[in-house]
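*Asks:* Structure provided below as C-alpha cells; questions to follow.
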Amino acid sequence: MMLNLAQNLIDALSLGSIYALTALGIGMIFSVMRLVNFAQGNYIAFCAFALLVPAGEGISRPFIGLLPGWALVPVVIALGMLLAMASEILLFRHLRGAQPATMMIASFGLGSALQNLLLMLFGSRPIAINLWPALTQPVMIGSLMVPRLQLVILAVTALALVALTLFLRRTRFGTAMRASSENFLMARMLGVPADRVILVAFGISGALAATASLLTLPQTGIADIRMGDGILLVAFVATVVGGLGSLTGAVLSAYLIGLVSVFLQIALPLAARPYRDAFVYAAVIAVLMLKPDGLFSADRRSQRI
Amino acid sequence: MTMLSLDDVSVSYGPLTAVRNVSLDIGRGEIVFLAGPNGAGKSTLMRAIAGVLAPSQGKITVAGKSTAGMRSEAVVRLGFTLVPEGREIFGSLSVAENLSIGAYLRRDRAGIEEDMDFVLSELPALKPRLRDAAGLLSGGQQQMLAIGRALMTRAPMIAIDEPSLGLAPKLIDQVYDILLALREKRDLTLLIAEQSFMRAVEVDARLVMLRSGHVVRAGRARDLAAERSLEGSFFGFEGAAA
Amino acid sequence: MSANRPLQRLAARHATSVILSLALLATVLLLTGLASPLVVRVGIGTLISVVLVVGLFIFVGNSGILSFGHLGFATVSAYATAWLTMRPAMKKMLLPGLPEFILSAQWPSFLATLASGLLAGLVALASGVFIMRLSGVAASIATLALLAIVNTVYANSDAVTGGVGSLAGIPTGLGIWTVLGWAVFAIVVAHIHATSAAGLALKSCREDPIAAEACGIRGFRVRLLAYVLSGFVCGIAGNLQARYLGVISPDSFYFGATLLALAMLIVGGMFSLTGAVAGVVAISVAMEVLIRLEGSIELFGFTVSIPAGTANFLIAAAMCVALVKRPQGLVGDREITLPASLLGKLDRHASNSKNNVGTTTVENTL
C-alpha cells in the first residue's frame, strides 16, 4: 500500500513537472506582456520534430536526433529559444498595445501555422522516435521500482525552477523583468529596455518548451504534431488557477493538477474513471468560484495611502 | 544651461487635445511648478516629456537633444526622469530592489553604492525597511521610495507629478523639505506638478499655470500671487474677477 | 432628439440586422441561381458558421469575456439531434444506452432543432448559474473547463454517444434556405439583444464594471441572460452542423473549433455584430479558396503536388497579418447601418421639424 502510494506520488510529480514547465513558459510571457501564448504547445511539438528529417508520412529518420546527448540538449534548447524569439520579433512585437484577446487569437494563428507547417513537412501520422532508450529502464530505490526517466524529469524540472528563480531574484536583469511584469511603463521610464525584456521572456519560454519536449519524448516514444495540445490546455488552466502573473502559483497549481489527476485515477470508482478529467475541470471551476484571483495570488500591491 | 526646452508643444489623445502650444525653458538647478486643476494637462505634459506620449506638434529638448521619436528608456539616458502620479513603486519588489531598478542603466558599481548610501541617509525612513516588499510601506514612505528611486538614476532633472497626493499635511511638508534639500546637494533641476500654487509661492519658485491645456500665467510665483486675479486664472473666471 | 421621429428611430434601430440579413439573402440567391451544387454546399457551411459566431458574439461581444465553452453547447445540441432524428433501428445498434422513449423517437427536423437548441440553452443556464458569478479571465477559464468537461463526458459515454469516434447516420438533406432562415434568426436575436436594456447594461459592465454596479446593474443577471441566449443560438448551430455533415464526433467541437470560431469573431471585430458576420465570411472564403490549392496542380506541364496543411498554414498566416494590420478587427466596433443623411430623410415628410442633425453615431462601414 505504502509502496503504491509512493509510486503514485512519483507519477503525479513527473506528470506535474511537464505541466509546470509549460505553465511557467506561458506565465513568463503573460507576466511581461499580458499575452496568453497558445503557441507554447506548438513549440513543444516543433522541438520534437526538430530531431527528425522530413522523410514523408510516418517515416522516422533522425537528424539532430543522431547527436550525442551532450550536444543534442543544447541544440534543441537553442532551437526552442530561437523559435519563440522569432515569433516575438515577427509577430507579437507588431501587436503591442492591442487587446489581450487579439494577441491571444494571434498566438492561436501562429500555433496553427506552426502545426500546419509540421503537417506539410512530416505528414499527419505520429512518428516513432527512439530517444535515450536507456532512460526507460527502471531503478530500484529500496523496494520501490521507479523508471529512471521519472527521476530525470523530477531532477531536470527542479534544476530549471531553481535556475529560473536565481535568475529572477539574484540578477540585475531578472529584477528588471520582475519590475516590468508588475508595471511595464514605470520600468521603462527608469530605463529598463522593454523589447529586450520581452525578448528574453520569449527566449526562456522557448527553452522551457524544448525541455518539456525532450522530457516527454522518451516517455511516449512518438513525435506527434498535436503532442503539445493536451499539455497546453492543462498548463493554461494552471496558470490562471495559480493566479495570473504569479509564476510560483503557476508551478504549484500545475503540480496540484498533476496530483489531483493521479489521485482521482485511484480514488474514483471504476465506472467513473473515464470521466476523471471532467472531475478535474469541475474542481477548477469550484476553485475559481472560491478564489477568482487564483489560489496563490499573493497580491502585495495593496495600496496604502 | 537649459535643461529642458518645450517649443510650441501640443499633445493629443486621438481627437482630444490635452495640451496646446506650450512653450517653456527650464535652466539647470531651477525649480518650476506646474499648477492647475484636474484635467489642465499637467500629467499629460510630463508624460510627453518622459517619452511616454508623443507630442502631436512642437519640439521637446532635454539637455540640448531633441526627444522626437525617442522611447522613455532613451529619455532617461538624456537625464530626465519622472516620478509619476500615484508613485508607481514596484509593490512586489523589495525596497532595495526598487532602488536598484532606478540604477538600471548605470554601470559604475562604486557610484551606485555611494548613491544608495546617500539616498538612505537622506531618506532615513527607508533604511529599516530595505528588505520589505515595497507594497507594505505607508503612503509617505512610498513617496520617499519613488523619489529615492528617481535619485538612483542620477538624472539631473526630476519631474514629480503631485507629490502631495493622498498625504497628510505634515508628511507633505516633510516631502518638500527633503526635495529642497536634495536640490541643493545634488544641483537638481525640479519640475513639480501640483493642483495648488500655494507651495510654489512658499518656496519662491517659478510658476506655470495651466488650464484646459493652455498656459494661462507664467512667472515668479510671488509676483503672480501679488496680482489679484491669480485665483481667477486657476478657476477660469479671470474676466469676472475684479 | 429622435423621439419625434419614429420612422428614423425604427430604421436606425433595425438597420444593422436588416442590412446584414439582406446581404446574406442576396448571396444565397446568387449562389442558388448561378453556382454549382458544390459551391452551394460551401455556402451552407458558411451560413452555419454565421449562426455559431453570431451566437458567440451575443455573449462575448457584449460582455467582453472570451468564452471557450460555447462549442460545448454545440456538442450537446449536435448529439441531441442525433438522439432525436436518427432511425430507431440504427440507434438501437449504435447507441444502445439511450432510454426507450428516445430510442423509438424520430422527430421532425424543425422540432428537433428547437429541442436540441433548448437543451443547449438549458446546459448554459445550469453552468451559467455558477460560471457567470465570475468575471474577466476567471470566467474565461471556467468556460474552458466547461468545454473540457463536456468533451470528456461525451467522448467517454460510449453507450449514448458512440464514444470518441465518429457517430454517423444522422439524417442529412439540410437545404440552404433553412440555414439562411436560422442565420437571419440569429442576427435578429443578437441585434435585438444588443440594443435592449439588458444588452446595454451588459456592455456597460464590459466598459466599467464598478460604475455599472453603482448604477444598479446586476452583472450576474445580465451576463447570465446573454450566456443562455448565446448558448441557445450556438446550440442551433450545433444542430445544423450535425444535419449538414450527418457525422459528428466530440473532437470536432473541441478546442480547435472553439479557437477557429473565436478567430472569426475577433478577425471581424469582437464588439460588432457586423464584424462577427464579416469575420465568418472572410475566413470561410479564404479557407475555401486555399483548400482547393492542395493536392496536385499542373504548372507549365509539370505536376506539382502541394502537401496537405498548406491551405491551413496560409490561412493561419493570413490571420496573423490581418490582426497585425487591423488589431481592432476588420470593422472595429462599428456596425453597418444606413447613412445618416438617408435616415434623416425618412421623417422629413412626416414631421416638419427643424433641420435635423441625424444620429451622430451611425456610420456606414462597408
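Here, A, B, ... name the chains of the C-alpha cells in the order displayed, residue numbers run from 1 inside each chain, and ligands are numbered from 1 in the same displayed order.
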Could you give me, as a PyMOL selection string, each residue of segment 160-335 of chain C that DSSP assigns to helix (DSSP H, G or I) when run on this structure's backbone?

*Replies:* chain C and resi 160-161+176-195+197-207+209-214+219-245+250-253+255-268+273-291+310-325

*Asks:* For the residues selected in the previous step, produce a file with C-alpha atoms as a compact mmCIF listing (two decimals), in the first residue's frame.

*Replies:*
```txt
# COMPACT_ATOMS: atom_id res chain seq x y z
CA VAL C 160 -25.22 7.03 -25.64
CA THR C 161 -22.76 8.93 -27.84
CA ILE C 176 -29.64 26.34 -47.86
CA TRP C 177 -32.91 28.22 -47.26
CA THR C 178 -33.40 26.60 -43.87
CA VAL C 179 -29.89 27.55 -42.85
CA LEU C 180 -30.38 31.08 -44.16
CA GLY C 181 -33.53 31.30 -42.06
CA TRP C 182 -31.63 30.35 -38.94
CA ALA C 183 -28.77 32.74 -39.78
CA VAL C 184 -31.26 35.60 -40.10
CA PHE C 185 -32.88 34.47 -36.85
CA ALA C 186 -29.50 34.54 -35.10
CA ILE C 187 -28.70 38.01 -36.44
CA VAL C 188 -32.07 39.45 -35.45
CA VAL C 189 -31.91 37.91 -31.98
CA ALA C 190 -28.35 39.18 -31.50
CA HIS C 191 -29.24 42.67 -32.63
CA ILE C 192 -32.39 42.91 -30.54
CA HIS C 193 -30.45 41.71 -27.53
CA ALA C 194 -27.54 44.08 -28.12
CA THR C 195 -29.84 47.09 -28.32
CA ALA C 197 -31.86 47.29 -21.95
CA ALA C 198 -30.20 44.05 -20.87
CA GLY C 199 -27.70 44.23 -23.73
CA LEU C 200 -26.80 47.83 -22.97
CA ALA C 201 -26.47 47.00 -19.28
CA LEU C 202 -24.09 44.19 -20.18
CA LYS C 203 -21.99 46.48 -22.37
CA SER C 204 -21.78 48.97 -19.54
CA CYS C 205 -20.44 46.18 -17.31
CA ARG C 206 -17.86 45.47 -20.01
CA GLU C 207 -16.72 49.09 -20.15
CA PRO C 209 -17.95 47.15 -14.05
CA ILE C 210 -17.77 49.32 -10.95
CA ALA C 211 -19.67 52.24 -12.45
CA ALA C 212 -22.25 49.83 -13.87
CA GLU C 213 -22.85 48.21 -10.50
CA ALA C 214 -23.12 51.66 -8.99
CA GLY C 219 -23.70 41.97 -13.58
CA PHE C 220 -24.56 38.37 -12.82
CA ARG C 221 -28.09 38.64 -14.20
CA VAL C 222 -27.29 40.38 -17.46
CA ARG C 223 -24.30 38.11 -18.03
CA LEU C 224 -26.38 35.02 -17.40
CA LEU C 225 -29.13 36.16 -19.76
CA ALA C 226 -26.67 36.75 -22.60
CA TYR C 227 -24.93 33.48 -21.83
CA VAL C 228 -28.10 31.41 -22.02
CA LEU C 229 -29.30 33.18 -25.15
CA SER C 230 -25.97 32.66 -26.88
CA GLY C 231 -25.85 29.06 -25.65
CA PHE C 232 -29.21 28.51 -27.33
CA VAL C 233 -28.10 30.04 -30.64
CA CYS C 234 -24.83 28.09 -30.61
CA GLY C 235 -26.95 25.03 -29.90
CA ILE C 236 -28.89 25.72 -33.08
CA ALA C 237 -25.56 25.88 -34.91
CA GLY C 238 -24.60 22.50 -33.46
CA ASN C 239 -27.87 21.02 -34.69
CA LEU C 240 -27.37 22.44 -38.17
CA GLN C 241 -23.79 21.19 -38.28
CA ALA C 242 -24.93 17.66 -37.38
CA ARG C 243 -27.62 17.70 -40.08
CA TYR C 244 -25.21 19.20 -42.60
CA LEU C 245 -22.49 16.58 -42.23
CA PRO C 250 -16.79 15.10 -29.75
CA ASP C 251 -13.45 16.35 -31.02
CA SER C 252 -14.99 18.12 -34.00
CA PHE C 253 -16.45 20.55 -31.45
CA PHE C 255 -10.54 23.27 -28.77
CA GLY C 256 -9.59 23.68 -32.42
CA ALA C 257 -13.13 24.50 -33.49
CA THR C 258 -13.51 26.81 -30.49
CA LEU C 259 -10.44 28.81 -31.40
CA LEU C 260 -11.47 28.98 -35.04
CA ALA C 261 -14.87 30.41 -34.07
CA LEU C 262 -13.22 32.94 -31.76
CA ALA C 263 -10.76 33.80 -34.51
CA MET C 264 -13.63 34.54 -36.91
CA LEU C 265 -15.21 36.84 -34.34
CA ILE C 266 -12.02 38.67 -33.47
CA VAL C 267 -10.73 38.99 -37.04
CA GLY C 268 -14.08 40.56 -37.92
CA LEU C 273 -22.33 42.09 -34.96
CA THR C 274 -21.31 43.24 -38.41
CA GLY C 275 -17.79 42.17 -37.51
CA ALA C 276 -18.99 38.71 -36.50
CA VAL C 277 -20.60 38.18 -39.89
CA ALA C 278 -17.72 39.78 -41.79
CA GLY C 279 -15.17 37.63 -39.95
CA VAL C 280 -17.03 34.41 -40.79
CA VAL C 281 -17.31 35.33 -44.44
CA ALA C 282 -13.68 36.46 -44.74
CA ILE C 283 -12.19 33.39 -43.10
CA SER C 284 -14.59 30.90 -44.71
CA VAL C 285 -13.98 32.26 -48.19
CA ALA C 286 -10.21 32.30 -47.61
CA MET C 287 -10.33 28.70 -46.40
CA GLU C 288 -12.39 27.51 -49.35
CA VAL C 289 -10.17 29.18 -51.90
CA LEU C 290 -6.96 27.96 -50.33
CA ILE C 291 -8.13 24.40 -49.66
CA THR C 310 -0.57 24.20 -46.94
CA ALA C 311 -4.01 25.80 -47.05
CA ASN C 312 -4.40 25.94 -43.31
CA PHE C 313 -0.86 27.22 -42.97
CA LEU C 314 -1.63 30.08 -45.33
CA ILE C 315 -4.92 30.84 -43.58
CA ALA C 316 -3.22 30.98 -40.21
CA ALA C 317 -0.50 33.22 -41.60
CA ALA C 318 -3.08 35.47 -43.27
CA MET C 319 -4.96 35.69 -39.99
CA CYS C 320 -1.82 36.87 -38.19
CA VAL C 321 -1.23 39.51 -40.86
CA ALA C 322 -4.86 40.64 -40.64
CA LEU C 323 -4.60 41.02 -36.87
CA VAL C 324 -1.38 42.99 -37.13
CA LYS C 325 -2.86 45.28 -39.78
```

*Asks:* Tell me as a list of chain:residue names which residues belonging to chain B come within 7 Å of chain A, counting only C-alpha atoms.

*Replies:*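 In the required form, that comes to B:Ser72, B:Glu73, B:Ala74, B:Val76, B:Thr81, B:Glu88, B:Phe90, B:Gly91, B:Ser92, B:Ile101, B:Gly102, B:Tyr104, B:Leu105, B:Gly135, B:Ser138, B:Gly139, B:Gly166, B:Leu167.
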
*Asks:* Could you state the separation of atom CA of Ile44 of chain C and atom CA of Leu174 of chain C in Å, given to one decimal place?

*Replies:* 8.4 Å

*Asks:* Sorted by chain and rising residue number, which residues of chain A lie within 7 Å of chain C, and what are their closest atom pairs and distances in Å to one decimal, counting only C-alpha atoms, as a tab-separated table?

*Replies:*
```
residue	atom	partner	partner_atom	distance
A:His94	CA	C:Val324	CA	6.1
A:Leu95	CA	C:Val324	CA	5.9
A:Ala98	CA	C:Pro327	CA	6.0
A:Thr102	CA	C:Pro327	CA	6.4
A:Ile105	CA	C:Ala263	CA	5.9
A:Ala106	CA	C:Cys320	CA	5.4
A:Gly109	CA	C:Ala316	CA	4.7
A:Leu110	CA	C:Ala316	CA	6.6
A:Ser112	CA	C:Ala316	CA	5.9
A:Ala113	CA	C:Phe313	CA	4.5
A:Asn116	CA	C:Gly309	CA	4.8
A:Leu117	CA	C:Phe313	CA	6.3
A:Leu119	CA	C:Gly309	CA	5.6
A:Met120	CA	C:Gly309	CA	5.2
A:Val237	CA	C:Ile141	CA	6.6
A:Pro274	CA	C:Asn156	CA	6.2
A:Tyr275	CA	C:Thr152	CA	6.1
A:Asp277	CA	C:Thr152	CA	6.6
A:Ala278	CA	C:Ile149	CA	4.3
A:Tyr281	CA	C:Ala145	CA	5.1
A:Ala282	CA	C:Ala145	CA	7.0
A:Val284	CA	C:Ala145	CA	7.0
A:Ile285	CA	C:Ala142	CA	5.3
A:Leu288	CA	C:Ala138	CA	6.3
A:Met289	CA	C:Leu134	CA	6.7
A:Pro292	CA	C:Ala138	CA	5.7
```

*Asks:* Between atom CA of Ala134 of chain B and atom CA of Asp173 of chain B, what is the distance, to one decimal in Å?

*Replies:*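 Taking atom CA of Ala134 of chain B and atom CA of Asp173 of chain B, their separation equals 22.2 Å.
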
*Asks:* For a test of reading the model, state the distance in Å between atom CA of Asp177 of chain B and atom CA of Met3 of chain B, rounded to one decimal.

*Replies:*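 A separation of 22.9 Å between them.
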
*Asks:* Which is closer to Val156 of chain A than all the others in A:Val287, A:Ala86, A:Leu259, A:Ala212, using only C-alpha atoms?

*Replies:*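 Closest to Val156 of chain A, using only C-alpha atoms: A:Ala212.
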